[in-house]
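Q: Sending over upload-v5.pdb (PDB, C-alpha atoms).
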ATOM      1  CA  VAL H   1      76.975  -8.804 138.112  1.00  0.00           C
ATOM      2  CA  ARG H   2      78.949 -11.755 139.502  1.00  0.00           C
ATOM      3  CA  GLY H   3      76.520 -13.263 141.996  1.00  0.00           C
ATOM      4  CA  MET H   4      73.183 -12.865 143.809  1.00  0.00           C
ATOM      5  CA  VAL H   5      71.426 -14.259 146.871  1.00  0.00           C
ATOM      6  CA  GLU H   6      68.209 -13.570 148.788  1.00  0.00           C
ATOM      7  CA  TYR H   7      68.701 -12.383 152.366  1.00  0.00           C
ATOM      8  CA  ASP H   8      66.203 -11.751 155.184  1.00  0.00           C
ATOM      9  CA  ASN H   9      67.783  -8.712 156.788  1.00  0.00           C
ATOM     10  CA  PRO H  10      67.258  -8.983 160.581  1.00  0.00           C
ATOM     11  CA  VAL H  11      67.945  -5.257 161.083  1.00  0.00           C
ATOM     12  CA  SER H  12      65.550  -3.790 158.500  1.00  0.00           C
ATOM     13  CA  GLY H  13      63.110  -6.687 158.671  1.00  0.00           C
ATOM     14  CA  LYS H  14      63.013  -6.745 154.867  1.00  0.00           C
ATOM     15  CA  LYS H  15      63.747  -9.468 152.371  1.00  0.00           C
ATOM     16  CA  GLU H  16      66.580  -8.214 150.169  1.00  0.00           C
ATOM     17  CA  LEU H  17      68.246  -9.343 146.987  1.00  0.00           C
ATOM     18  CA  ILE H  18      72.015  -9.037 147.444  1.00  0.00           C
ATOM     19  CA  ILE H  19      73.855  -8.338 144.174  1.00  0.00           C
ATOM     20  CA  GLY H  20      77.627  -8.532 143.813  1.00  0.00           C
ATOM     21  CA  GLY H  21      79.841  -7.032 141.127  1.00  0.00           C
ATOM     22  CA  ASN H  22      83.447  -6.213 140.371  1.00  0.00           C
ATOM     23  CA  ASP H  23      83.701  -2.574 139.400  1.00  0.00           C
ATOM     24  CA  TYR H  24      83.389   0.901 140.864  1.00  0.00           C
ATOM     25  CA  ASN H  25      79.775   1.372 139.798  1.00  0.00           C
ATOM     26  CA  HIS H  26      78.218  -1.789 141.228  1.00  0.00           C
ATOM     27  CA  GLY H  27      80.160  -2.943 144.265  1.00  0.00           C
ATOM     28  CA  LEU H  28      77.810  -4.805 146.607  1.00  0.00           C
ATOM     29  CA  ARG H  29      74.168  -3.787 146.605  1.00  0.00           C
ATOM     30  CA  ALA H  30      70.894  -4.705 148.327  1.00  0.00           C
ATOM     31  CA  TRP H  31      67.443  -4.361 146.750  1.00  0.00           C
ATOM     32  CA  ASP H  32      64.206  -4.728 148.714  1.00  0.00           C
ATOM     33  CA  GLY H  33      61.922  -4.464 145.677  1.00  0.00           C
ATOM     34  CA  ALA H  34      60.468  -1.114 146.752  1.00  0.00           C
ATOM     35  CA  ASP H  35      63.195   1.317 145.690  1.00  0.00           C
ATOM     36  CA  ALA H  36      63.913   2.124 142.073  1.00  0.00           C
ATOM     37  CA  GLU H  37      67.552   1.038 142.389  1.00  0.00           C
ATOM     38  CA  PRO H  38      69.466  -1.268 144.737  1.00  0.00           C
ATOM     39  CA  ALA H  39      71.193   0.496 147.628  1.00  0.00           C
ATOM     40  CA  ARG H  40      74.969   0.173 147.817  1.00  0.00           C
ATOM     41  CA  ILE H  41      76.161  -1.511 151.027  1.00  0.00           C
ATOM     42  CA  ALA H  42      79.842  -1.824 150.040  1.00  0.00           C
ATOM     43  CA  GLU H  43      81.912   0.089 147.523  1.00  0.00           C
ATOM     44  CA  GLY H  44      83.146  -1.429 144.290  1.00  0.00           C
ATOM     45  CA  HIS H  45      86.858  -1.628 143.533  1.00  0.00           C
ATOM     46  CA  ALA H  46      88.786  -2.463 140.394  1.00  0.00           C
ATOM     47  CA  GLN H  47      90.794  -5.138 142.205  1.00  0.00           C
ATOM     48  CA  GLN H  48      87.858  -6.674 144.104  1.00  0.00           C
ATOM     49  CA  GLU H  49      85.092  -9.029 143.092  1.00  0.00           C
ATOM     50  CA  TYR H  50      82.046  -9.979 145.172  1.00  0.00           C
ATOM     51  CA  LYS H  51      80.775 -13.227 143.677  1.00  0.00           C
ATOM     52  CA  SER H  52      80.050 -16.006 146.197  1.00  0.00           C
ATOM     53  CA  PHE H  53      77.282 -15.748 148.773  1.00  0.00           C
ATOM     54  CA  ALA H  54      75.548 -17.854 151.411  1.00  0.00           C
ATOM     55  CA  VAL H  55      73.076 -17.167 154.207  1.00  0.00           C
ATOM     56  CA  ARG H  56      73.200 -18.902 157.562  1.00  0.00           C
ATOM     57  CA  GLU H  57      72.085 -18.511 161.164  1.00  0.00           C
ATOM     58  CA  ASN H  58      74.697 -17.003 163.447  1.00  0.00           C
ATOM     59  CA  LEU H  59      75.176 -19.597 166.191  1.00  0.00           C
ATOM     60  CA  ASP H  60      75.890 -16.887 168.790  1.00  0.00           C
ATOM     61  CA  THR H  61      73.072 -14.436 168.061  1.00  0.00           C
ATOM     62  CA  GLY H  62      70.546 -16.772 166.439  1.00  0.00           C
ATOM     63  CA  LYS H  63      70.013 -14.182 163.711  1.00  0.00           C
ATOM     64  CA  SER H  64      70.477 -14.477 159.972  1.00  0.00           C
ATOM     65  CA  GLU H  65      73.835 -13.377 158.576  1.00  0.00           C
ATOM     66  CA  LEU H  66      75.196 -13.084 155.065  1.00  0.00           C
ATOM     67  CA  LEU H  67      78.542 -14.562 154.028  1.00  0.00           C
ATOM     68  CA  VAL H  68      80.278 -12.705 151.201  1.00  0.00           C
ATOM     69  CA  GLY H  69      83.221 -14.223 149.351  1.00  0.00           C
ATOM     70  CA  GLY H  70      85.313 -13.578 146.290  1.00  0.00           C
ATOM     71  CA  ARG H  71      88.460 -11.637 145.557  1.00  0.00           C
ATOM     72  CA  LEU H  72      88.532  -9.001 148.272  1.00  0.00           C
ATOM     73  CA  HIS H  73      90.824  -7.525 150.894  1.00  0.00           C
ATOM     74  CA  THR H  74      88.596  -4.918 152.526  1.00  0.00           C
ATOM     75  CA  ILE H  75      84.856  -4.435 152.609  1.00  0.00           C
ATOM     76  CA  ASP H  76      83.160  -1.238 153.789  1.00  0.00           C
ATOM     77  CA  GLY H  77      86.405  -0.211 155.488  1.00  0.00           C
ATOM     78  CA  VAL H  78      86.873  -3.548 157.279  1.00  0.00           C
ATOM     79  CA  GLU H  79      89.921  -5.715 156.549  1.00  0.00           C
ATOM     80  CA  ALA H  80      88.566  -9.081 155.443  1.00  0.00           C
ATOM     81  CA  LEU H  81      90.613 -11.384 153.221  1.00  0.00           C
ATOM     82  CA  THR H  82      88.450 -13.178 150.603  1.00  0.00           C
ATOM     83  CA  ILE H  83      85.462 -13.596 152.935  1.00  0.00           C
ATOM     84  CA  ALA H  84      83.392 -11.499 155.351  1.00  0.00           C
ATOM     85  CA  ARG H  85      80.088 -11.652 157.161  1.00  0.00           C
ATOM     86  CA  TYR H  86      77.272  -9.100 157.236  1.00  0.00           C
ATOM     87  CA  ASP H  87      74.714  -8.874 160.042  1.00  0.00           C
ATOM     88  CA  GLY H  88      72.322  -6.637 158.132  1.00  0.00           C
ATOM     89  CA  GLU H  89      74.041  -3.446 159.251  1.00  0.00           C
ATOM     90  CA  LYS H  90      77.831  -3.880 159.331  1.00  0.00           C
ATOM     91  CA  PHE H  91      80.562  -6.184 158.031  1.00  0.00           C
ATOM     92  CA  SER H  92      83.133  -8.103 160.056  1.00  0.00           C
ATOM     93  CA  ALA H  93      86.063 -10.386 159.278  1.00  0.00           C
ATOM     94  CA  LEU H  94      86.247 -14.127 159.860  1.00  0.00           C
ATOM     95  CA  GLY H  95      89.603 -14.479 161.581  1.00  0.00           C
ATOM     96  CA  HIS H  96      92.518 -13.988 159.204  1.00  0.00           C
ATOM     97  CA  GLY H  97      90.473 -15.168 156.224  1.00  0.00           C
ATOM     98  CA  LEU H  98      91.776 -17.241 153.329  1.00  0.00           C
ATOM     99  CA  ARG H  99      95.043 -16.402 151.590  1.00  0.00           C
ATOM    100  CA  GLU H 100      97.337 -17.603 148.824  1.00  0.00           C
ATOM    101  CA  GLU H 101     100.914 -17.182 149.954  1.00  0.00           C
ATOM    102  CA  ASP H 102     102.785 -16.792 146.660  1.00  0.00           C
ATOM    103  CA  SER H 103     100.637 -14.884 144.173  1.00  0.00           C
ATOM    104  CA  HIS H 104      98.204 -13.056 146.499  1.00  0.00           C
ATOM    105  CA  LEU H 105      95.448 -13.758 143.965  1.00  0.00           C
ATOM    106  CA  GLU H 106      93.322 -15.548 146.548  1.00  0.00           C
ATOM    107  CA  ASP H 107      89.700 -16.101 145.602  1.00  0.00           C
ATOM    108  CA  VAL H 108      86.604 -17.861 146.957  1.00  0.00           C
ATOM    109  CA  GLU H 109      84.562 -19.510 144.195  1.00  0.00           C
ATOM    110  CA  LYS H 110      81.752 -20.986 146.301  1.00  0.00           C
ATOM    111  CA  ILE H 111      80.464 -21.026 149.892  1.00  0.00           C
ATOM    112  CA  CYS H 112      78.354 -23.891 151.200  1.00  0.00           C
ATOM    113  CA  VAL H 113      76.597 -23.865 154.581  1.00  0.00           C
ATOM    114  CA  GLY H 114      76.127 -26.952 156.767  1.00  0.00           C
ATOM    115  CA  ALA H 115      74.552 -27.461 160.180  1.00  0.00           C
ATOM    116  CA  ASP H 116      77.572 -26.595 162.319  1.00  0.00           C
ATOM    117  CA  ALA H 117      80.108 -25.308 159.794  1.00  0.00           C
ATOM    118  CA  PHE H 118      80.449 -23.750 156.377  1.00  0.00           C
ATOM    119  CA  TYR H 119      82.862 -24.557 153.557  1.00  0.00           C
ATOM    120  CA  CYS H 120      84.726 -22.508 150.970  1.00  0.00           C
ATOM    121  CA  VAL H 121      86.361 -23.683 147.772  1.00  0.00           C
ATOM    122  CA  GLY H 122      88.675 -21.667 145.581  1.00  0.00           C
ATOM    123  CA  ARG H 123      92.210 -20.416 145.182  1.00  0.00           C
ATOM    124  CA  PHE H 124      93.990 -20.219 148.536  1.00  0.00           C
ATOM    125  CA  ASP H 125      96.463 -22.248 150.566  1.00  0.00           C
ATOM    126  CA  LEU H 126      96.196 -20.728 154.031  1.00  0.00           C
ATOM    127  CA  ALA H 127      93.131 -20.451 156.264  1.00  0.00           C
ATOM    128  CA  GLY H 128      93.336 -18.446 159.449  1.00  0.00           C
ATOM    129  CA  GLY H 129      97.104 -18.256 158.939  1.00  0.00           C
ATOM    130  CA  HIS H 130      97.534 -22.054 158.751  1.00  0.00           C
ATOM    131  CA  TYR H 131      98.467 -24.102 155.695  1.00  0.00           C
ATOM    132  CA  LEU H 132      95.687 -26.244 154.274  1.00  0.00           C
ATOM    133  CA  PRO H 133      95.964 -29.841 153.095  1.00  0.00           C
ATOM    134  CA  TYR H 134      95.307 -29.915 149.369  1.00  0.00           C
ATOM    135  CA  SER H 135      96.367 -31.812 146.296  1.00  0.00           C
ATOM    136  CA  ALA H 136     100.059 -31.998 145.475  1.00  0.00           C
ATOM    137  CA  ASP H 137      99.546 -30.395 142.076  1.00  0.00           C
ATOM    138  CA  GLY H 138      97.836 -27.335 143.571  1.00  0.00           C
ATOM    139  CA  ALA H 139      94.419 -28.330 142.279  1.00  0.00           C
ATOM    140  CA  GLY H 140      92.558 -26.228 144.801  1.00  0.00           C
ATOM    141  CA  SER H 141      91.539 -26.071 148.429  1.00  0.00           C
ATOM    142  CA  VAL H 142      88.562 -26.708 150.652  1.00  0.00           C
ATOM    143  CA  ALA H 143      88.424 -24.745 153.903  1.00  0.00           C
ATOM    144  CA  MET H 144      85.997 -25.439 156.726  1.00  0.00           C
ATOM    145  CA  ARG H 145      84.913 -22.767 159.191  1.00  0.00           C
ATOM    146  CA  GLU H 146      83.604 -23.948 162.532  1.00  0.00           C
ATOM    147  CA  PRO H 147      82.821 -21.571 165.408  1.00  0.00           C
ATOM    148  CA  GLY H 148      85.977 -19.565 165.991  1.00  0.00           C
ATOM    149  CA  GLN H 149      88.374 -21.513 163.774  1.00  0.00           C
ATOM    150  CA  TRP H 150      89.386 -22.460 160.243  1.00  0.00           C
ATOM    151  CA  SER H 151      90.591 -25.904 159.171  1.00  0.00           C
ATOM    152  CA  GLY H 152      91.173 -27.736 155.897  1.00  0.00           C
ATOM    153  CA  VAL H 153      89.720 -30.753 154.114  1.00  0.00           C
ATOM    154  CA  LYS H 154      92.205 -32.970 152.289  1.00  0.00           C
ATOM    155  CA  THR H 155      91.124 -33.621 148.684  1.00  0.00           C
ATOM    156  CA  ARG H 156      94.089 -35.245 146.873  1.00  0.00           C
ATOM    157  CA  LEU H 157      92.700 -34.197 143.499  1.00  0.00           C
ATOM    158  CA  ALA H 158      94.443 -34.351 140.138  1.00  0.00           C
ATOM    159  CA  GLY H 159      93.397 -32.544 136.981  1.00  0.00           C
ATOM    160  CA  ASN H 160      92.561 -33.586 133.458  1.00  0.00           C
ATOM    161  CA  PRO H 161      96.108 -33.965 132.096  1.00  0.00           C
ATOM    162  CA  PHE H 162      97.254 -33.013 128.636  1.00  0.00           C
ATOM    163  CA  THR H 163     100.715 -32.626 127.144  1.00  0.00           C
ATOM    164  CA  SER H 164     101.928 -29.611 125.200  1.00  0.00           C
ATOM    165  CA  GLY H 165     104.210 -29.766 122.176  1.00  0.00           C
ATOM    166  CA  ALA H 166     107.180 -29.255 124.475  1.00  0.00           C
ATOM    167  CA  GLY H 167     106.219 -32.379 126.405  1.00  0.00           C
ATOM    168  CA  THR H 168     105.173 -30.458 129.513  1.00  0.00           C
ATOM    169  CA  LYS H 169     102.246 -31.820 131.502  1.00  0.00           C
ATOM    170  CA  HIS H 170      99.492 -29.349 132.339  1.00  0.00           C
ATOM    171  CA  TYR H 171      96.072 -29.419 133.983  1.00  0.00           C
ATOM    172  CA  TYR H 172      92.844 -27.804 132.917  1.00  0.00           C
ATOM    173  CA  HIS H 173      91.756 -25.407 135.612  1.00  0.00           C
ATOM    174  CA  ARG H 174      89.581 -22.402 136.386  1.00  0.00           C
ATOM    175  CA  GLY H 175      91.470 -19.632 138.129  1.00  0.00           C
ATOM    176  CA  ASN H 176      94.077 -22.175 139.282  1.00  0.00           C
ATOM    177  CA  SER H 177      91.417 -24.063 141.237  1.00  0.00           C
ATOM    178  CA  LEU H 178      90.062 -27.319 139.866  1.00  0.00           C
ATOM    179  CA  ILE H 179      87.201 -27.243 142.385  1.00  0.00           C
ATOM    180  CA  VAL H 180      84.369 -24.922 141.360  1.00  0.00           C
ATOM    181  CA  ASP H 181      81.437 -26.117 143.503  1.00  0.00           C
ATOM    182  CA  VAL H 182      80.803 -27.792 146.849  1.00  0.00           C
ATOM    183  CA  ASP H 183      77.732 -29.084 148.672  1.00  0.00           C
ATOM    184  CA  VAL H 184      76.980 -31.014 151.848  1.00  0.00           C
ATOM    185  CA  VAL H 185      75.504 -34.530 151.668  1.00  0.00           C
ATOM    186  CA  ALA H 186      74.742 -37.355 154.079  1.00  0.00           C
ATOM    187  CA  GLU H 187      74.062 -35.189 157.141  1.00  0.00           C
ATOM    188  CA  GLU H 188      77.275 -33.223 156.636  1.00  0.00           C
ATOM    189  CA  GLU H 189      79.543 -36.247 156.999  1.00  0.00           C
ATOM    190  CA  ARG H 190      80.529 -35.967 153.329  1.00  0.00           C
ATOM    191  CA  LEU H 191      81.165 -33.198 150.813  1.00  0.00           C
ATOM    192  CA  LEU H 192      80.180 -33.287 147.169  1.00  0.00           C
ATOM    193  CA  LEU H 193      82.827 -31.594 144.972  1.00  0.00           C
ATOM    194  CA  VAL H 194      82.359 -30.622 141.340  1.00  0.00           C
ATOM    195  CA  GLY H 195      85.021 -29.279 138.992  1.00  0.00           C
ATOM    196  CA  ALA H 196      87.638 -29.843 136.313  1.00  0.00           C
ATOM    197  CA  PHE H 197      89.418 -32.776 137.962  1.00  0.00           C
ATOM    198  CA  ALA H 198      89.753 -36.383 136.886  1.00  0.00           C
ATOM    199  CA  MET H 199      91.264 -38.210 139.868  1.00  0.00           C
ATOM    200  CA  MET H 200      90.879 -38.268 143.642  1.00  0.00           C
ATOM    201  CA  TYR H 201      93.122 -40.405 145.868  1.00  0.00           C
ATOM    202  CA  GLY H 202      94.226 -42.222 142.718  1.00  0.00           C
ATOM    203  CA  ALA H 203      90.691 -43.190 141.663  1.00  0.00           C
ATOM    204  CA  GLU H 204      89.020 -41.932 138.485  1.00  0.00           C
ATOM    205  CA  VAL H 205      86.110 -39.628 139.360  1.00  0.00           C
ATOM    206  CA  ASN H 206      85.692 -37.477 136.220  1.00  0.00           C
ATOM    207  CA  GLY H 207      84.777 -34.164 137.769  1.00  0.00           C
ATOM    208  CA  VAL H 208      82.390 -35.292 140.544  1.00  0.00           C
ATOM    209  CA  ALA H 209      83.621 -36.640 143.875  1.00  0.00           C
ATOM    210  CA  VAL H 210      82.275 -37.367 147.346  1.00  0.00           C
ATOM    211  CA  LEU H 211      84.691 -37.373 150.277  1.00  0.00           C
ATOM    212  CA  GLU H 212      84.721 -37.318 154.037  1.00  0.00           C
ATOM    213  CA  ARG H 213      84.742 -33.756 155.266  1.00  0.00           C
ATOM    214  CA  ARG H 214      87.725 -34.272 157.616  1.00  0.00           C
TER     215      ARG H 214
END
Written as structure tokens, how would this file's structure read?
A:
Amino acid sequence: VRGMVEYDNPVSGKKELIIGGNDYNHGLRAWDGADAEPARIAEGHAQQEYKSFAVRENLDTGKSELLVGGRLHTIDGVEALTIARYDGEKFSALGHGLREEDSHLEDVEKICVGADAFYCVGRFDLAGGHYLPYSADGAGSVAMREPGQWSGVKTRLAGNPFTSGAGTKHYYHRGNSLIVDVDVVAEEERLLLVGAFAMMYGAEVNGVAVLERR
């Protein structure tokens, strides 16, 4: 199990526990507390990992929808790169998703929902087919999804540096992303970032930073 979230399914009318995994046996499952075992709503795959979740109100329908992120390329037969949405019955993509151009090991570590947008942090450098602004050392990216479009949030982060015996400078990281958590503060005008970074815009922040969302 890589992640869980509670979801009020607008189709079934039931409160469900959504459980994500990363193998053939688990996949993505929903449990309403009545059945003996959770029901599978998306197949597992050796190269996929469902691990970041958030629930929000769909601004078009007014109904609750589930956001599913992680390391994925398709979900229930739908092409959806790193992130998809679920309306309680079927999955759909969010534009062209989030992608890493060079390694194709794109990943969404965390999803955070605000009033008029949601945010993803993780390992990617393109959102909706457009390059994102992120730190020069590749520390990680923050993508913002507003109705119908992706955009990026500039972070200018630097890692916790150390030097190897060969004199090469490295950075501590988790999955090549220094950012591992994000939240919305101050009425969504600022983002709170948490991770394995030491500097932001040249200032020492020691793993916790608050920045303007745009």
Q: Would you translate the PyMOL selection byres ((chain H and resi 28) around 12) into the concrete set of residues it matches in this file, as a PDB file with C-alpha atoms, keeping the file's coordinate frame?
A:
ATOM      1  CA  VAL H   1      76.975  -8.804 138.112  1.00  0.00           C
ATOM      2  CA  ARG H   2      78.949 -11.755 139.502  1.00  0.00           C
ATOM      3  CA  GLY H   3      76.520 -13.263 141.996  1.00  0.00           C
ATOM      4  CA  MET H   4      73.183 -12.865 143.809  1.00  0.00           C
ATOM      5  CA  VAL H   5      71.426 -14.259 146.871  1.00  0.00           C
ATOM      6  CA  LEU H  17      68.246  -9.343 146.987  1.00  0.00           C
ATOM      7  CA  ILE H  18      72.015  -9.037 147.444  1.00  0.00           C
ATOM      8  CA  ILE H  19      73.855  -8.338 144.174  1.00  0.00           C
ATOM      9  CA  GLY H  20      77.627  -8.532 143.813  1.00  0.00           C
ATOM     10  CA  GLY H  21      79.841  -7.032 141.127  1.00  0.00           C
ATOM     11  CA  ASN H  22      83.447  -6.213 140.371  1.00  0.00           C
ATOM     12  CA  ASP H  23      83.701  -2.574 139.400  1.00  0.00           C
ATOM     13  CA  TYR H  24      83.389   0.901 140.864  1.00  0.00           C
ATOM     14  CA  ASN H  25      79.775   1.372 139.798  1.00  0.00           C
ATOM     15  CA  HIS H  26      78.218  -1.789 141.228  1.00  0.00           C
ATOM     16  CA  GLY H  27      80.160  -2.943 144.265  1.00  0.00           C
ATOM     17  CA  ARG H  29      74.168  -3.787 146.605  1.00  0.00           C
ATOM     18  CA  ALA H  30      70.894  -4.705 148.327  1.00  0.00           C
ATOM     19  CA  TRP H  31      67.443  -4.361 146.750  1.00  0.00           C
ATOM     20  CA  PRO H  38      69.466  -1.268 144.737  1.00  0.00           C
ATOM     21  CA  ALA H  39      71.193   0.496 147.628  1.00  0.00           C
ATOM     22  CA  ARG H  40      74.969   0.173 147.817  1.00  0.00           C
ATOM     23  CA  ILE H  41      76.161  -1.511 151.027  1.00  0.00           C
ATOM     24  CA  ALA H  42      79.842  -1.824 150.040  1.00  0.00           C
ATOM     25  CA  GLU H  43      81.912   0.089 147.523  1.00  0.00           C
ATOM     26  CA  GLY H  44      83.146  -1.429 144.290  1.00  0.00           C
ATOM     27  CA  HIS H  45      86.858  -1.628 143.533  1.00  0.00           C
ATOM     28  CA  GLN H  48      87.858  -6.674 144.104  1.00  0.00           C
ATOM     29  CA  GLU H  49      85.092  -9.029 143.092  1.00  0.00           C
ATOM     30  CA  TYR H  50      82.046  -9.979 145.172  1.00  0.00           C
ATOM     31  CA  LYS H  51      80.775 -13.227 143.677  1.00  0.00           C
ATOM     32  CA  SER H  52      80.050 -16.006 146.197  1.00  0.00           C
ATOM     33  CA  PHE H  53      77.282 -15.748 148.773  1.00  0.00           C
ATOM     34  CA  VAL H  68      80.278 -12.705 151.201  1.00  0.00           C
ATOM     35  CA  GLY H  69      83.221 -14.223 149.351  1.00  0.00           C
ATOM     36  CA  GLY H  70      85.313 -13.578 146.290  1.00  0.00           C
ATOM     37  CA  LEU H  72      88.532  -9.001 148.272  1.00  0.00           C
ATOM     38  CA  ILE H  75      84.856  -4.435 152.609  1.00  0.00           C
ATOM     39  CA  ASP H  76      83.160  -1.238 153.789  1.00  0.00           C
ATOM     40  CA  TYR H  86      77.272  -9.100 157.236  1.00  0.00           C
ATOM     41  CA  PHE H  91      80.562  -6.184 158.031  1.00  0.00           C
TER      42      PHE H  91
END
Q: Give me the residues within 9 Å of Glu146 in chain H as a PyMOL selection string, counting all atoms listed in the file and dropping any in the same chain fewer than 4 places off.
A: chain H and resi 116-118+150-151
Q: Translate the PyMOL selection byres ((chain H and resi 106) around 8), as applied to the file shown, into an explicit residue set as a list in words.
A: Arg71, Thr82, Leu98, Arg99, Glu100, Ser103, His104, Leu105, Asp107, Val108, Gly122, Arg123 and Phe124 of chain H
Q: What's the separation between CA of Arg85 in chain H and CA of Leu67 in chain H, in Å to one decimal place?
A: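 We find that CA of Arg85 in chain H and CA of Leu67 in chain H lie 4.5 Å from each other.
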Q: Find the residues around Asp32 in chain H up to 7 Å (all atoms listed in the file counted), leave out those fewer than 6 positions away in its own chain, and share them as a list of chain:residue names.
A: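 Returned residues: H:Lys14, H:Lys15, H:Glu16, H:Leu17.
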Q: Any chance you could resolve the PyMOL selection byres ((chain H and resi 129) around 9) against this file and give the residues as a PDB file with C-alpha atoms, in the coordinates of the input?
A:
ATOM      1  CA  GLY H  95      89.603 -14.479 161.581  1.00  0.00           C
ATOM      2  CA  HIS H  96      92.518 -13.988 159.204  1.00  0.00           C
ATOM      3  CA  GLY H  97      90.473 -15.168 156.224  1.00  0.00           C
ATOM      4  CA  LEU H  98      91.776 -17.241 153.329  1.00  0.00           C
ATOM      5  CA  ARG H  99      95.043 -16.402 151.590  1.00  0.00           C
ATOM      6  CA  LEU H 126      96.196 -20.728 154.031  1.00  0.00           C
ATOM      7  CA  ALA H 127      93.131 -20.451 156.264  1.00  0.00           C
ATOM      8  CA  GLY H 128      93.336 -18.446 159.449  1.00  0.00           C
ATOM      9  CA  HIS H 130      97.534 -22.054 158.751  1.00  0.00           C
ATOM     10  CA  TYR H 131      98.467 -24.102 155.695  1.00  0.00           C
ATOM     11  CA  TRP H 150      89.386 -22.460 160.243  1.00  0.00           C
TER      12      TRP H 150
END
Q: With distances taken over all atoms listed in the file, which residue among H:Glu65, H:Asp35, H:Asp102, H:Glu204 lies nearest Glu6 in chain H?
A: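 Counting all atoms listed in the file, the residue closest to Glu6 in chain H is H:Glu65.
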Q: Hey, which of H:Lys63, H:His73, H:Lys90, H:Arg145 ends up closest to Gly114 in chain H? Count only C-alpha atoms.
A: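 Among the listed residues, the smallest separation from Gly114 in chain H belongs to H:Arg145.
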Q: Starting from the block above, write range 21-38 of chain H out to a file with N, CA and C atoms, as a short mmCIF file (atom, residue, chain, number, x, y, z; two decimals), in the first residue's frame, please.
A:
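Saved to out.cif:
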data_model
loop_
_atom_site.label_atom_id
_atom_site.label_comp_id
_atom_site.auth_asym_id
_atom_site.auth_seq_id
_atom_site.Cartn_x
_atom_site.Cartn_y
_atom_site.Cartn_z
N GLY H 21 -1.71 1.04 -4.59
CA GLY H 21 -0.54 0.17 -4.49
C GLY H 21 0.31 0.24 -5.72
N ASN H 22 1.24 -0.71 -5.83
CA ASN H 22 2.17 -0.68 -6.97
C ASN H 22 2.49 -2.05 -7.52
N ASP H 23 1.55 -2.98 -7.42
CA ASP H 23 1.80 -4.29 -8.01
C ASP H 23 0.52 -4.83 -8.64
N TYR H 24 0.65 -5.99 -9.26
CA TYR H 24 -0.48 -6.57 -9.97
C TYR H 24 -1.66 -6.90 -9.07
N ASN H 25 -1.38 -7.28 -7.83
CA ASN H 25 -2.44 -7.75 -6.94
C ASN H 25 -3.29 -6.62 -6.37
N HIS H 26 -2.69 -5.47 -6.08
CA HIS H 26 -3.42 -4.41 -5.41
C HIS H 26 -4.01 -3.39 -6.38
N GLY H 27 -3.17 -2.80 -7.21
CA GLY H 27 -3.67 -1.77 -8.11
C GLY H 27 -4.30 -0.64 -7.30
N LEU H 28 -5.47 -0.19 -7.73
CA LEU H 28 -6.21 0.86 -7.04
C LEU H 28 -7.56 0.29 -6.63
N ARG H 29 -7.86 0.38 -5.34
CA ARG H 29 -9.06 -0.26 -4.81
C ARG H 29 -9.90 0.71 -4.00
N ALA H 30 -11.20 0.37 -3.88
CA ALA H 30 -12.13 1.17 -3.08
C ALA H 30 -12.87 0.26 -2.11
N TRP H 31 -12.94 0.67 -0.86
CA TRP H 31 -13.61 -0.14 0.18
C TRP H 31 -14.65 0.70 0.88
N ASP H 32 -15.90 0.20 0.89
CA ASP H 32 -17.00 0.94 1.52
C ASP H 32 -17.30 0.48 2.94
N GLY H 33 -16.51 -0.47 3.45
CA GLY H 33 -16.69 -0.96 4.81
C GLY H 33 -17.68 -2.10 4.93
N ALA H 34 -18.46 -2.35 3.89
CA ALA H 34 -19.47 -3.41 3.94
C ALA H 34 -18.96 -4.72 3.36
N ASP H 35 -18.20 -4.65 2.28
CA ASP H 35 -17.69 -5.85 1.64
C ASP H 35 -16.48 -6.40 2.39
N ALA H 36 -16.23 -7.68 2.19
CA ALA H 36 -15.11 -8.31 2.88
C ALA H 36 -13.77 -7.79 2.39
N GLU H 37 -13.68 -7.47 1.09
CA GLU H 37 -12.45 -6.98 0.50
C GLU H 37 -12.73 -5.74 -0.34
N PRO H 38 -11.74 -4.86 -0.46
CA PRO H 38 -11.91 -3.68 -1.33
C PRO H 38 -12.09 -4.10 -2.78
#
